[in-house]
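Here is input-v4.txt, consisting of compact mmCIF, C-alpha atoms and all ligand atoms:
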```
# COMPACT_ATOMS: atom_id res chain seq x y z
CA MET A 1 5.75 70.55 -21.65
CA GLN A 2 9.09 72.18 -22.35
CA THR A 3 9.62 75.53 -20.67
CA PRO A 4 12.29 77.93 -22.01
CA ALA A 5 15.01 78.73 -19.45
CA GLY A 6 15.17 81.97 -17.43
CA PRO A 7 12.58 83.84 -15.32
CA TRP A 8 11.24 86.01 -18.13
CA ALA A 9 10.91 83.09 -20.47
CA LEU A 10 9.33 81.08 -17.67
CA ARG A 11 6.74 83.80 -17.09
CA ALA A 12 6.11 84.11 -20.81
CA GLY A 13 5.68 80.33 -21.00
CA ILE A 14 3.16 80.35 -18.17
CA VAL A 15 1.24 83.22 -19.76
CA LEU A 16 1.16 81.33 -23.05
CA VAL A 17 -0.13 78.16 -21.44
CA LEU A 18 -2.77 80.01 -19.43
CA GLY A 19 -3.73 81.88 -22.60
CA ALA A 20 -4.14 78.64 -24.50
CA VAL A 21 -6.21 77.14 -21.68
CA ALA A 22 -8.40 80.25 -21.59
CA VAL A 23 -8.88 80.12 -25.37
CA ALA A 24 -9.73 76.42 -25.18
CA ALA A 25 -12.26 77.10 -22.40
CA VAL A 26 -13.84 79.99 -24.34
CA VAL A 27 -13.99 77.93 -27.51
CA LEU A 28 -15.67 75.12 -25.63
CA LEU A 29 -18.08 77.29 -23.70
CA SER A 30 -19.06 79.27 -26.77
CA GLY A 31 -19.52 76.09 -28.75
CA ARG A 32 -17.24 77.25 -31.60
CA HIS A 33 -16.02 74.37 -33.69
CA ASP A 34 -15.13 73.33 -37.18
CA GLU A 35 -18.65 72.62 -38.38
CA GLY A 36 -21.17 75.16 -39.55
CA VAL A 37 -23.95 74.22 -37.16
CA SER A 38 -24.38 76.45 -34.15
CA SER A 39 -24.21 74.88 -30.72
CA GLN A 40 -27.13 74.97 -28.38
CA GLY A 41 -24.55 75.74 -25.71
CA ASN A 42 -25.05 75.27 -22.06
CA ALA A 43 -28.53 76.67 -21.67
CA VAL A 44 -31.14 75.86 -19.02
CA SER A 45 -30.00 75.16 -15.57
CA ALA A 46 -32.08 72.63 -13.70
CA ASN A 47 -32.99 72.95 -10.08
CA ARG A 48 -29.97 71.30 -8.49
CA SER A 49 -31.52 70.80 -5.11
CA GLU A 50 -34.38 68.77 -6.52
CA ALA A 51 -33.98 65.07 -5.83
CA HIS A 52 -33.13 63.34 -9.07
CA PHE A 53 -35.54 60.52 -9.29
CA ARG A 54 -37.14 59.24 -12.43
CA PRO A 55 -39.02 56.02 -12.93
CA VAL A 56 -36.65 53.43 -14.27
CA SER A 57 -38.99 50.58 -15.03
CA ARG A 58 -39.51 49.79 -18.70
CA GLY A 59 -42.89 48.32 -17.87
CA PRO A 60 -44.08 45.25 -19.74
CA ARG A 61 -41.97 45.95 -22.84
CA PRO A 62 -38.84 43.87 -23.49
CA PRO A 63 -35.46 45.60 -23.11
CA VAL A 64 -34.40 47.65 -26.13
CA LEU A 65 -31.77 45.85 -28.17
CA GLY A 66 -28.70 47.93 -29.01
CA ALA A 67 -25.21 47.58 -30.45
CA ALA A 68 -22.05 49.62 -30.58
CA VAL A 69 -21.42 50.69 -34.15
CA ASP A 70 -18.46 51.59 -36.28
CA TRP A 71 -19.74 54.72 -37.99
CA GLU A 72 -17.44 54.24 -41.00
CA LEU A 73 -19.23 50.96 -41.74
CA LEU A 74 -22.74 51.97 -40.73
CA ARG A 75 -22.81 55.03 -42.93
CA MET A 76 -22.39 52.93 -46.11
CA PRO A 77 -25.29 50.93 -47.49
CA GLY A 78 -24.40 47.23 -47.26
CA THR A 79 -24.69 44.12 -45.11
CA TYR A 80 -23.55 45.87 -41.92
CA GLN A 81 -26.11 48.65 -42.24
CA ARG A 82 -28.94 46.34 -43.29
CA LEU A 83 -28.30 43.90 -40.47
CA PHE A 84 -28.25 46.73 -37.97
CA LEU A 85 -31.49 48.29 -39.22
CA ASP A 86 -33.23 44.92 -39.38
CA HIS A 87 -32.57 44.05 -35.74
CA TYR A 88 -31.50 46.98 -33.54
CA ARG A 89 -33.28 49.98 -32.07
CA SER A 90 -30.48 51.64 -30.12
CA LEU A 91 -26.87 52.42 -30.95
CA THR A 92 -23.75 53.38 -29.06
CA PRO A 93 -21.05 55.05 -31.13
CA GLU A 94 -17.97 52.89 -30.67
CA ASN A 95 -15.53 55.81 -31.05
CA ALA A 96 -17.27 58.78 -32.72
CA MET A 97 -18.20 60.55 -29.47
CA LYS A 98 -15.01 59.98 -27.50
CA MET A 99 -12.88 62.92 -26.41
CA ASP A 100 -9.97 62.17 -28.75
CA THR A 101 -12.40 62.32 -31.68
CA ILE A 102 -14.38 65.38 -30.59
CA ALA A 103 -11.49 67.45 -29.19
CA PRO A 104 -8.55 66.70 -31.52
CA ALA A 105 -6.79 70.01 -30.72
CA ALA A 106 -6.85 72.48 -27.83
CA ASP A 107 -8.62 75.15 -29.85
CA ARG A 108 -10.91 73.05 -32.01
CA LEU A 109 -13.86 70.72 -31.62
CA SER A 110 -14.74 68.31 -34.36
CA PHE A 111 -18.32 67.07 -34.54
CA GLY A 112 -18.39 65.81 -38.12
CA ASP A 113 -18.90 62.09 -37.45
CA ALA A 114 -20.94 62.57 -34.30
CA ASP A 115 -23.34 64.92 -36.05
CA ALA A 116 -23.72 62.63 -39.03
CA LEU A 117 -24.35 59.66 -36.76
CA ALA A 118 -26.96 61.60 -34.75
CA ARG A 119 -28.74 62.69 -37.94
CA TRP A 120 -28.70 59.18 -39.39
CA SER A 121 -30.07 57.70 -36.16
CA ARG A 122 -32.88 60.20 -36.01
CA ARG A 123 -33.82 59.52 -39.62
CA HIS A 124 -34.02 55.80 -38.88
CA GLY A 125 -35.73 56.08 -35.49
CA ILE A 126 -32.74 54.66 -33.60
CA ALA A 127 -32.07 55.80 -30.01
CA VAL A 128 -28.52 57.06 -29.39
CA HIS A 129 -26.61 56.21 -26.22
CA GLY A 130 -23.72 58.70 -26.08
CA HIS A 131 -20.33 57.23 -25.20
CA THR A 132 -18.47 58.74 -23.42
CA LEU A 133 -17.83 62.13 -21.79
CA VAL A 134 -15.28 61.49 -19.05
CA TRP A 135 -12.87 58.57 -19.25
CA GLY A 136 -9.21 58.00 -18.45
CA LYS A 137 -8.58 56.56 -21.93
CA GLN A 138 -8.78 57.80 -25.52
CA LEU A 139 -7.87 61.27 -24.38
CA PRO A 140 -6.38 63.62 -26.98
CA PRO A 141 -2.57 63.78 -26.73
CA TRP A 142 -2.59 67.59 -26.36
CA LEU A 143 -4.66 67.18 -23.18
CA THR A 144 -2.48 64.58 -21.51
CA ALA A 145 0.75 66.33 -22.50
CA ARG A 146 -0.15 69.49 -20.63
CA SER A 147 0.30 70.01 -16.90
CA TRP A 148 -3.01 71.21 -15.51
CA THR A 149 -4.07 73.16 -12.48
CA ARG A 150 -7.25 71.98 -10.85
CA ASP A 151 -9.17 75.13 -11.85
CA ASP A 152 -8.07 75.00 -15.48
CA LEU A 153 -8.88 71.33 -15.94
CA SER A 154 -12.18 71.77 -14.18
CA SER A 155 -13.22 74.66 -16.46
CA PHE A 156 -12.08 72.71 -19.48
CA LEU A 157 -14.14 69.69 -18.50
CA GLU A 158 -17.19 71.75 -17.58
CA GLY A 159 -17.04 73.49 -20.95
CA TYR A 160 -16.52 70.21 -22.77
CA VAL A 161 -19.36 68.33 -21.08
CA LYS A 162 -21.84 71.19 -21.42
CA THR A 163 -20.94 71.86 -25.06
CA VAL A 164 -21.18 68.24 -26.15
CA VAL A 165 -24.31 67.36 -24.19
CA GLY A 166 -25.94 70.69 -25.08
CA ARG A 167 -25.26 70.17 -28.76
CA TYR A 168 -27.14 66.85 -28.78
CA ARG A 169 -29.85 67.94 -26.39
CA GLY A 170 -33.03 66.08 -27.22
CA ARG A 171 -31.16 63.92 -29.78
CA VAL A 172 -28.91 61.78 -27.62
CA ASP A 173 -31.20 59.92 -25.24
CA SER A 174 -28.65 58.86 -22.65
CA TRP A 175 -24.95 59.30 -21.90
CA ASP A 176 -22.14 57.35 -20.34
CA VAL A 177 -21.10 60.44 -18.43
CA VAL A 178 -18.26 58.68 -16.64
CA ASN A 179 -16.70 55.55 -18.07
CA GLU A 180 -14.66 53.04 -16.07
CA PRO A 181 -14.22 55.10 -12.87
CA LEU A 182 -13.22 52.13 -10.72
CA ALA A 183 -10.09 50.05 -10.14
CA GLU A 184 -10.37 46.30 -9.51
CA ASP A 185 -10.21 46.82 -5.74
CA GLY A 186 -13.31 49.01 -5.90
CA SER A 187 -11.57 52.32 -5.26
CA LEU A 188 -11.64 55.16 -7.77
CA ARG A 189 -9.27 54.35 -10.62
CA HIS A 190 -6.16 56.48 -10.98
CA ASN A 191 -6.50 58.66 -14.04
CA LEU A 192 -6.01 62.28 -15.03
CA TRP A 193 -9.43 63.32 -13.69
CA LEU A 194 -8.99 61.81 -10.24
CA ARG A 195 -5.40 63.02 -9.94
CA VAL A 196 -6.10 66.64 -10.81
CA LEU A 197 -9.77 67.13 -9.88
CA GLY A 198 -10.18 64.71 -6.97
CA PRO A 199 -13.08 62.30 -6.35
CA GLY A 200 -15.72 64.99 -6.89
CA TYR A 201 -15.17 64.81 -10.66
CA VAL A 202 -17.82 62.10 -11.00
CA SER A 203 -20.68 64.09 -9.49
CA ASP A 204 -19.47 67.35 -11.10
CA ALA A 205 -19.59 65.75 -14.54
CA LEU A 206 -23.09 64.40 -13.88
CA ARG A 207 -24.31 67.85 -12.80
CA TRP A 208 -22.80 69.57 -15.82
CA ALA A 209 -24.36 67.03 -18.16
CA HIS A 210 -27.74 67.40 -16.46
CA GLU A 211 -27.60 71.18 -16.76
CA ALA A 212 -26.92 70.93 -20.47
CA ASP A 213 -29.73 68.43 -21.11
CA PRO A 214 -32.10 67.79 -18.22
CA GLY A 215 -33.93 65.22 -20.34
CA ALA A 216 -30.96 62.96 -21.03
CA ARG A 217 -30.53 59.84 -18.90
CA LEU A 218 -27.13 59.83 -17.27
CA TYR A 219 -25.02 56.73 -16.59
CA VAL A 220 -21.85 55.56 -14.98
CA ASN A 221 -20.44 52.62 -16.93
CA ASP A 222 -17.82 50.02 -16.02
CA PHE A 223 -16.55 46.45 -16.56
CA ASN A 224 -16.15 43.58 -14.09
CA ILE A 225 -19.06 44.80 -12.00
CA GLU A 226 -21.42 41.94 -12.86
CA GLY A 227 -20.39 39.26 -10.39
CA ARG A 228 -19.47 39.19 -6.75
CA SER A 229 -16.23 41.15 -6.30
CA PRO A 230 -14.64 44.13 -4.54
CA LYS A 231 -15.24 46.13 -7.70
CA THR A 232 -18.96 45.33 -7.63
CA ASP A 233 -19.07 46.45 -3.99
CA GLY A 234 -17.13 49.56 -4.99
CA MET A 235 -19.66 50.37 -7.70
CA HIS A 236 -22.53 49.88 -5.29
CA ALA A 237 -20.80 52.22 -2.81
CA LEU A 238 -20.11 54.84 -5.51
CA LEU A 239 -23.71 54.76 -6.74
CA SER A 240 -25.04 54.96 -3.17
CA ARG A 241 -22.84 58.00 -2.52
CA LEU A 242 -24.01 59.68 -5.72
CA ARG A 243 -27.64 59.06 -4.76
CA ARG A 244 -27.05 60.42 -1.24
CA GLU A 245 -25.41 63.52 -2.70
CA ARG A 246 -28.39 63.88 -5.03
CA ALA A 247 -26.19 63.81 -8.08
CA PRO A 248 -28.27 63.48 -11.24
CA ILE A 249 -27.63 59.85 -12.04
CA ASP A 250 -30.16 57.60 -13.77
CA GLY A 251 -28.38 54.36 -14.24
CA VAL A 252 -25.40 52.08 -14.27
CA GLY A 253 -24.05 50.36 -17.37
CA LEU A 254 -22.66 46.85 -16.91
CA GLN A 255 -20.21 46.43 -19.76
CA THR A 256 -20.36 42.64 -19.46
CA HIS A 257 -17.22 41.86 -21.43
CA LEU A 258 -17.29 38.19 -20.46
CA THR A 259 -15.39 35.07 -21.45
CA LEU A 260 -16.47 31.43 -21.58
CA SER A 261 -14.38 30.61 -18.53
CA SER A 262 -15.05 33.62 -16.32
CA THR A 263 -18.72 34.35 -16.17
CA PRO A 264 -20.75 35.06 -13.06
CA THR A 265 -23.46 32.50 -12.41
CA GLY A 266 -26.99 33.49 -13.34
CA ALA A 267 -27.87 33.80 -9.66
CA GLN A 268 -24.89 36.09 -8.97
CA LEU A 269 -25.68 38.26 -11.95
CA ARG A 270 -29.35 38.61 -11.02
CA SER A 271 -28.55 39.46 -7.43
CA THR A 272 -25.94 42.07 -8.46
CA MET A 273 -28.38 43.68 -10.87
CA ARG A 274 -31.14 43.75 -8.25
CA ARG A 275 -28.74 45.33 -5.77
CA TYR A 276 -27.96 48.23 -8.12
CA ALA A 277 -31.64 48.53 -9.04
CA SER A 278 -32.62 48.83 -5.38
CA LEU A 279 -30.86 52.21 -5.40
CA GLY A 280 -33.57 53.39 -7.78
CA LEU A 281 -31.35 53.17 -10.85
CA ALA A 282 -31.63 51.71 -14.31
CA VAL A 283 -29.27 48.75 -14.73
CA ASP A 284 -28.40 48.24 -18.38
CA ILE A 285 -26.20 45.79 -20.20
CA SER A 286 -24.01 48.21 -22.12
CA GLU A 287 -21.17 46.47 -24.02
CA MET A 288 -21.60 42.72 -23.97
CA ASP A 289 -19.32 40.41 -25.93
CA VAL A 290 -18.05 36.88 -25.37
CA PRO A 291 -14.96 35.73 -27.29
CA ALA A 292 -15.49 32.10 -28.29
CA GLY A 293 -13.44 31.39 -31.39
CA ARG A 294 -14.54 28.75 -33.90
CA GLY A 295 -16.56 25.54 -33.57
CA ARG A 296 -20.03 24.33 -32.67
CA ARG A 297 -19.33 23.62 -29.02
CA ALA A 298 -17.79 27.04 -28.50
CA GLU A 299 -20.73 28.70 -30.24
CA ALA A 300 -23.20 26.78 -28.08
CA ALA A 301 -21.33 27.77 -24.92
CA GLN A 302 -21.26 31.37 -26.11
CA ALA A 303 -25.02 31.27 -26.72
CA ARG A 304 -25.57 30.04 -23.14
CA VAL A 305 -23.69 33.03 -21.75
CA TYR A 306 -25.68 35.43 -23.91
CA ARG A 307 -28.92 33.73 -22.91
CA GLN A 308 -28.08 34.04 -19.24
CA VAL A 309 -27.31 37.75 -19.42
CA ALA A 310 -30.18 38.67 -21.76
CA GLY A 311 -32.50 36.62 -19.52
CA ALA A 312 -31.32 38.44 -16.40
CA CYS A 313 -31.95 41.76 -18.15
CA GLN A 314 -35.41 40.68 -19.29
CA ALA A 315 -36.31 39.56 -15.78
CA LEU A 316 -35.46 42.93 -14.24
CA PRO A 317 -37.81 45.83 -15.10
CA ALA A 318 -34.95 48.30 -14.41
CA CYS A 319 -32.92 46.77 -17.26
CA GLY A 320 -34.09 48.82 -20.22
CA ARG A 321 -31.30 48.25 -22.70
CA PHE A 322 -29.32 45.22 -23.78
CA THR A 323 -26.35 46.32 -25.91
CA THR A 324 -23.51 44.32 -27.41
CA TRP A 325 -20.14 45.85 -28.35
CA GLY A 326 -20.54 45.41 -32.08
CA PHE A 327 -22.90 42.88 -33.66
CA THR A 328 -21.05 41.01 -36.40
CA ASP A 329 -17.76 39.16 -35.98
CA ALA A 330 -16.49 41.19 -38.95
CA SER A 331 -16.02 44.21 -36.70
CA THR A 332 -14.94 43.83 -33.08
CA TRP A 333 -12.35 45.50 -30.87
CA LEU A 334 -11.22 42.03 -29.74
CA GLY A 335 -10.06 40.99 -33.22
CA THR A 336 -12.14 39.02 -35.70
CA GLY A 337 -10.60 35.65 -34.68
CA GLU A 338 -12.35 35.89 -31.32
CA ARG A 339 -15.83 35.75 -32.92
CA PRO A 340 -17.45 37.35 -29.87
CA LEU A 341 -20.70 38.61 -31.39
CA PRO A 342 -24.13 37.22 -32.34
CA PHE A 343 -23.75 37.41 -36.14
CA THR A 344 -21.00 35.83 -38.25
CA ALA A 345 -18.65 37.99 -40.29
CA THR A 346 -20.92 37.49 -43.29
CA GLY A 347 -24.05 38.41 -41.35
CA ALA A 348 -25.53 34.97 -40.60
CA PRO A 349 -27.19 34.56 -37.20
CA LYS A 350 -25.24 32.42 -34.72
CA PRO A 351 -26.78 30.41 -31.86
CA ALA A 352 -26.01 33.48 -29.71
CA TRP A 353 -28.45 35.52 -31.78
CA ARG A 354 -31.31 33.09 -31.27
CA ALA A 355 -30.48 33.00 -27.56
CA ILE A 356 -30.59 36.78 -27.23
CA GLU A 357 -33.81 37.11 -29.22
CA SER A 358 -35.69 34.50 -27.27
CA ALA A 359 -34.34 35.56 -23.86
CA LEU A 360 -35.19 39.24 -24.36
CA ASN A 361 -38.73 38.38 -25.36
CA GLY A 362 -39.20 36.16 -22.35
C1 LIG B 401 -12.98 50.32 -27.70
C2 LIG B 401 -13.33 50.41 -29.18
O1 LIG B 401 -14.19 49.36 -29.51
C3 LIG B 401 -12.06 50.36 -30.02
O2 LIG B 401 -12.37 50.58 -31.38
C4 LIG B 401 -11.07 51.41 -29.53
O3 LIG B 401 -9.88 51.30 -30.25
C5 LIG B 401 -10.80 51.23 -28.05
O4 LIG B 401 -12.03 51.29 -27.34
N1 LIG B 401 -14.80 49.58 -22.97
C6 LIG B 401 -15.32 50.77 -23.46
C7 LIG B 401 -15.22 51.07 -24.90
O5 LIG B 401 -15.98 51.51 -22.71
O6 LIG B 401 -15.13 52.44 -25.16
C8 LIG B 401 -14.07 50.33 -25.55
O7 LIG B 401 -14.15 50.55 -26.95
C9 LIG B 401 -14.13 48.85 -25.21
C10 LIG B 401 -14.02 48.66 -23.72
```

Rewrite the coordinates I just gave you, this time as structure tokens.
Amino acid sequence: MQTPAGPWALRAGIVLVLGAVAVAAVVLLSGRHDEGVSSQGNAVSANRSEAHFRPVSRGPRPPVLGAAVDWELLRMPGTYQRLFLDHYRSLTPENAMKMDTIAPAADRLSFGDADALARWSRRHGIAVHGHTLVWGKQLPPWLTARSWTRDDLSSFLEGYVKTVVGRYRGRVDSWDVVNEPLAEDGSLRHNLWLRVLGPGYVSDALRWAHEADPGARLYVNDFNIEGRSPKTDGMHALLSRLRRERAPIDGVGLQTHLTLSSTPTGAQLRSTMRRYASLGLAVDISEMDVPAGRGRRAEAAQARVYRQVAGACQALPACGRFTTWGFTDASTWLGTGERPLPFTATGAPKPAWRAIESALNG
């Protein structure tokens, strides 16, 4: 931020910034935004001292099959929408509920796409997994450009989390409250939240989300935590700490962005998943994809990886949701040439699709 020279101007600059922060916090806490629907705000405070423990087993049912969706494509009738409705029961908005979409300016929240997606899902009986409240990436430029005090950033985030979760109370089933909190060495990843708020930001965010919707299932989500690695140990340590502190956490999302050459063995994957589950948490597959490119051999190898992961999820009662990051090769963050998903760009099932279907159903 540029500050005008001179003591008076400096003071005026500080007052302006504090004023803007206060306005942003009030706007967030009051749930004012650019849509006409009133926010349900941050009502109902749960008993914080109560141990947060909910049954995580899905029972005899197979895991729910989900996919991340591009709302711009899903909203239009066509192959993408039909394929999704024919096969999936849960969705994760790929971008529509990220902070840069919902908070495009300091004094304005924008819920247009998120609201439409929530309404559409409800109409079609699709569960919504909200993604994501607190992440070091896809932050709005106005937020990263500012220099924050701890108190100001903390009130901003509290207001943001409570407003967003409160708005979708009873409509978004579960949330990735914190996304990608860990570095590869298993320590907390350096990002704005850690730098300004310190390591307590993870449990604070969980508590705020729980206050705003005590019924929503709350997750921490990350990548490279499927095999044996320092990061997997770090995730286990983080989850253990959160459980000890009685933070309201329900589960861990394993993003499972794998490749054909670097995939944990089935035994490693199953033992990692059991280890997280032994903390009393749900252990979901949250963003799986496997770039394979073209050709029958590559597709067969890709199907084996999908089968292994879907099978590990099916075998563990704590694994309630198996979600891929997209579902047709026509729309993937990795680029269409990677062909990482279970349906072709024109919507035909690949060997990976058959593998997922049969593995999830045992
Ligand atoms: C990706 C989206 O798919 C892209 O459209 C966007 O440009 C960048 O983010 N891990 C996550 C997701 O948790 O939010 C990321 O989604 C993919 C990696």

Closest atom pairs, chain A residues within 9 Å of ligand LIG 401 (chain B), only C-alpha atoms and all ligand atoms, as JSON lines:
```
{"residue": "A:Ala68", "atom": "CA", "partner": "B:LIG401", "partner_atom": "O1", "distance": 7.9}
{"residue": "A:Val69", "atom": "CA", "partner": "B:LIG401", "partner_atom": "O1", "distance": 8.7}
{"residue": "A:Asp70", "atom": "CA", "partner": "B:LIG401", "partner_atom": "O2", "distance": 7.9}
{"residue": "A:Pro93", "atom": "CA", "partner": "B:LIG401", "partner_atom": "O6", "distance": 8.8}
{"residue": "A:Glu94", "atom": "CA", "partner": "B:LIG401", "partner_atom": "O1", "distance": 5.3}
{"residue": "A:Asn95", "atom": "CA", "partner": "B:LIG401", "partner_atom": "O2", "distance": 6.1}
{"residue": "A:Lys98", "atom": "CA", "partner": "B:LIG401", "partner_atom": "O6", "distance": 7.9}
{"residue": "A:His131", "atom": "CA", "partner": "B:LIG401", "partner_atom": "O6", "distance": 7.1}
{"residue": "A:Thr132", "atom": "CA", "partner": "B:LIG401", "partner_atom": "O6", "distance": 7.3}
{"residue": "A:Trp135", "atom": "CA", "partner": "B:LIG401", "partner_atom": "O5", "distance": 8.5}
{"residue": "A:Lys137", "atom": "CA", "partner": "B:LIG401", "partner_atom": "O4", "distance": 8.3}
{"residue": "A:Gln138", "atom": "CA", "partner": "B:LIG401", "partner_atom": "C5", "distance": 7.3}
{"residue": "A:Asp176", "atom": "CA", "partner": "B:LIG401", "partner_atom": "O5", "distance": 8.8}
{"residue": "A:Asn179", "atom": "CA", "partner": "B:LIG401", "partner_atom": "O5", "distance": 6.2}
{"residue": "A:Glu180", "atom": "CA", "partner": "B:LIG401", "partner_atom": "O5", "distance": 6.9}
{"residue": "A:Asn221", "atom": "CA", "partner": "B:LIG401", "partner_atom": "O5", "distance": 7.4}
{"residue": "A:Asp222", "atom": "CA", "partner": "B:LIG401", "partner_atom": "O5", "distance": 7.1}
{"residue": "A:Phe223", "atom": "CA", "partner": "B:LIG401", "partner_atom": "N1", "distance": 7.3}
{"residue": "A:Gln255", "atom": "CA", "partner": "B:LIG401", "partner_atom": "N1", "distance": 7.0}
{"residue": "A:His257", "atom": "CA", "partner": "B:LIG401", "partner_atom": "C10", "distance": 7.9}
{"residue": "A:Ser286", "atom": "CA", "partner": "B:LIG401", "partner_atom": "O5", "distance": 8.7}
{"residue": "A:Glu287", "atom": "CA", "partner": "B:LIG401", "partner_atom": "N1", "distance": 7.2}
{"residue": "A:Trp325", "atom": "CA", "partner": "B:LIG401", "partner_atom": "O1", "distance": 7.0}
{"residue": "A:Gly326", "atom": "CA", "partner": "B:LIG401", "partner_atom": "O1", "distance": 7.9}
{"residue": "A:Thr332", "atom": "CA", "partner": "B:LIG401", "partner_atom": "O1", "distance": 6.6}
{"residue": "A:Trp333", "atom": "CA", "partner": "B:LIG401", "partner_atom": "O1", "distance": 4.5}
{"residue": "A:Leu334", "atom": "CA", "partner": "B:LIG401", "partner_atom": "O1", "distance": 7.9}
```

Handout entry: For region 191-196 of chain A: contacts at 8 Å, all atoms listed in the file, fewer than 2 positions along chain excluded, given as a list in words
Key =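 The residues satisfying every condition are Gly136, Thr144, Trp148, Thr149, Arg150, Leu153, Leu188, Arg189, Gly198, Pro199 and Tyr201 of chain A.
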
Problem - Which residue of A:Thr263, A:Ser203, A:Ser358, A:Ser278 approaches Val56 (chain A) most closely, using all atoms listed in the file - result: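 Ranked by minimum distance to Val56 (chain A), first place goes to A:Ser278.
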
Exercise for the section: Kindly give the distance, in Å, that separates CA of Gly280 (chain A) and CA of Ala355 (chain A), rounded to a single decimal. Expected result: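 Computing the Euclidean distance for CA of Gly280 (chain A) and CA of Ala355 (chain A) yields 28.6 Å.
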
Handout entry: For Thr323 (chain A), the nearest of the candidates A:Ala301, A:Val220, A:Val178, A:Leu360, counting all atoms listed in the file
Key =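 Smallest distance to Thr323 (chain A) is found for A:Leu360.
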
Problem - Pick from A:Leu218, A:Thr272, A:Trp142, A:Asp284, whichever lies nearest to Val165 (chain A) using all atoms listed in the file - result: A:Leu218

Practice task
Rounded to one decimal place, report the CA of Leu242 (chain A)-CA of Arg275 (chain A) distance in Å.
Solution key: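 Here the two named atoms are 15.1 Å from each other.
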
Exercise for the section: Within 10 Å of Ser271 (chain A), counting all atoms listed in the file, which residues show up once you throw out same-chain ones fewer than 5 positions away? Write them as an MDAnalysis selection string, please. Expected result: chainID A and resid 226:228 265:266 276:277 312

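CA of Cys313 (chain A) lies 18.3 Å from CA of Met235 (chain A).
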
Handout entry: Selected residue, from A:Pro340, A:Val283, A:Ser154, A:Leu83, that lies nearest to His236 (chain A) when counting all atoms listed in the file
Key =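 Under the stated criterion, the closest residue is A:Val283.
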
Practice task
Identify which of the residues A:Ala292, A:Leu117, A:Ala247, A:Leu182 lies closest to Gly130 (chain A), counting all atoms listed in the file when measuring atom-to-atom distances.
Solution key: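 Checking each candidate against Gly130 (chain A), we get A:Leu117 as the closest.
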
Problem - Using all atoms listed in the file: which of A:Arg297, A:His190, A:His210, A:His129 has the shortest distance to Glu158 (chain A) - result: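 Comparing A:Arg297, A:His190, A:His210, A:His129 against Glu158 (chain A), the winner is A:His210.
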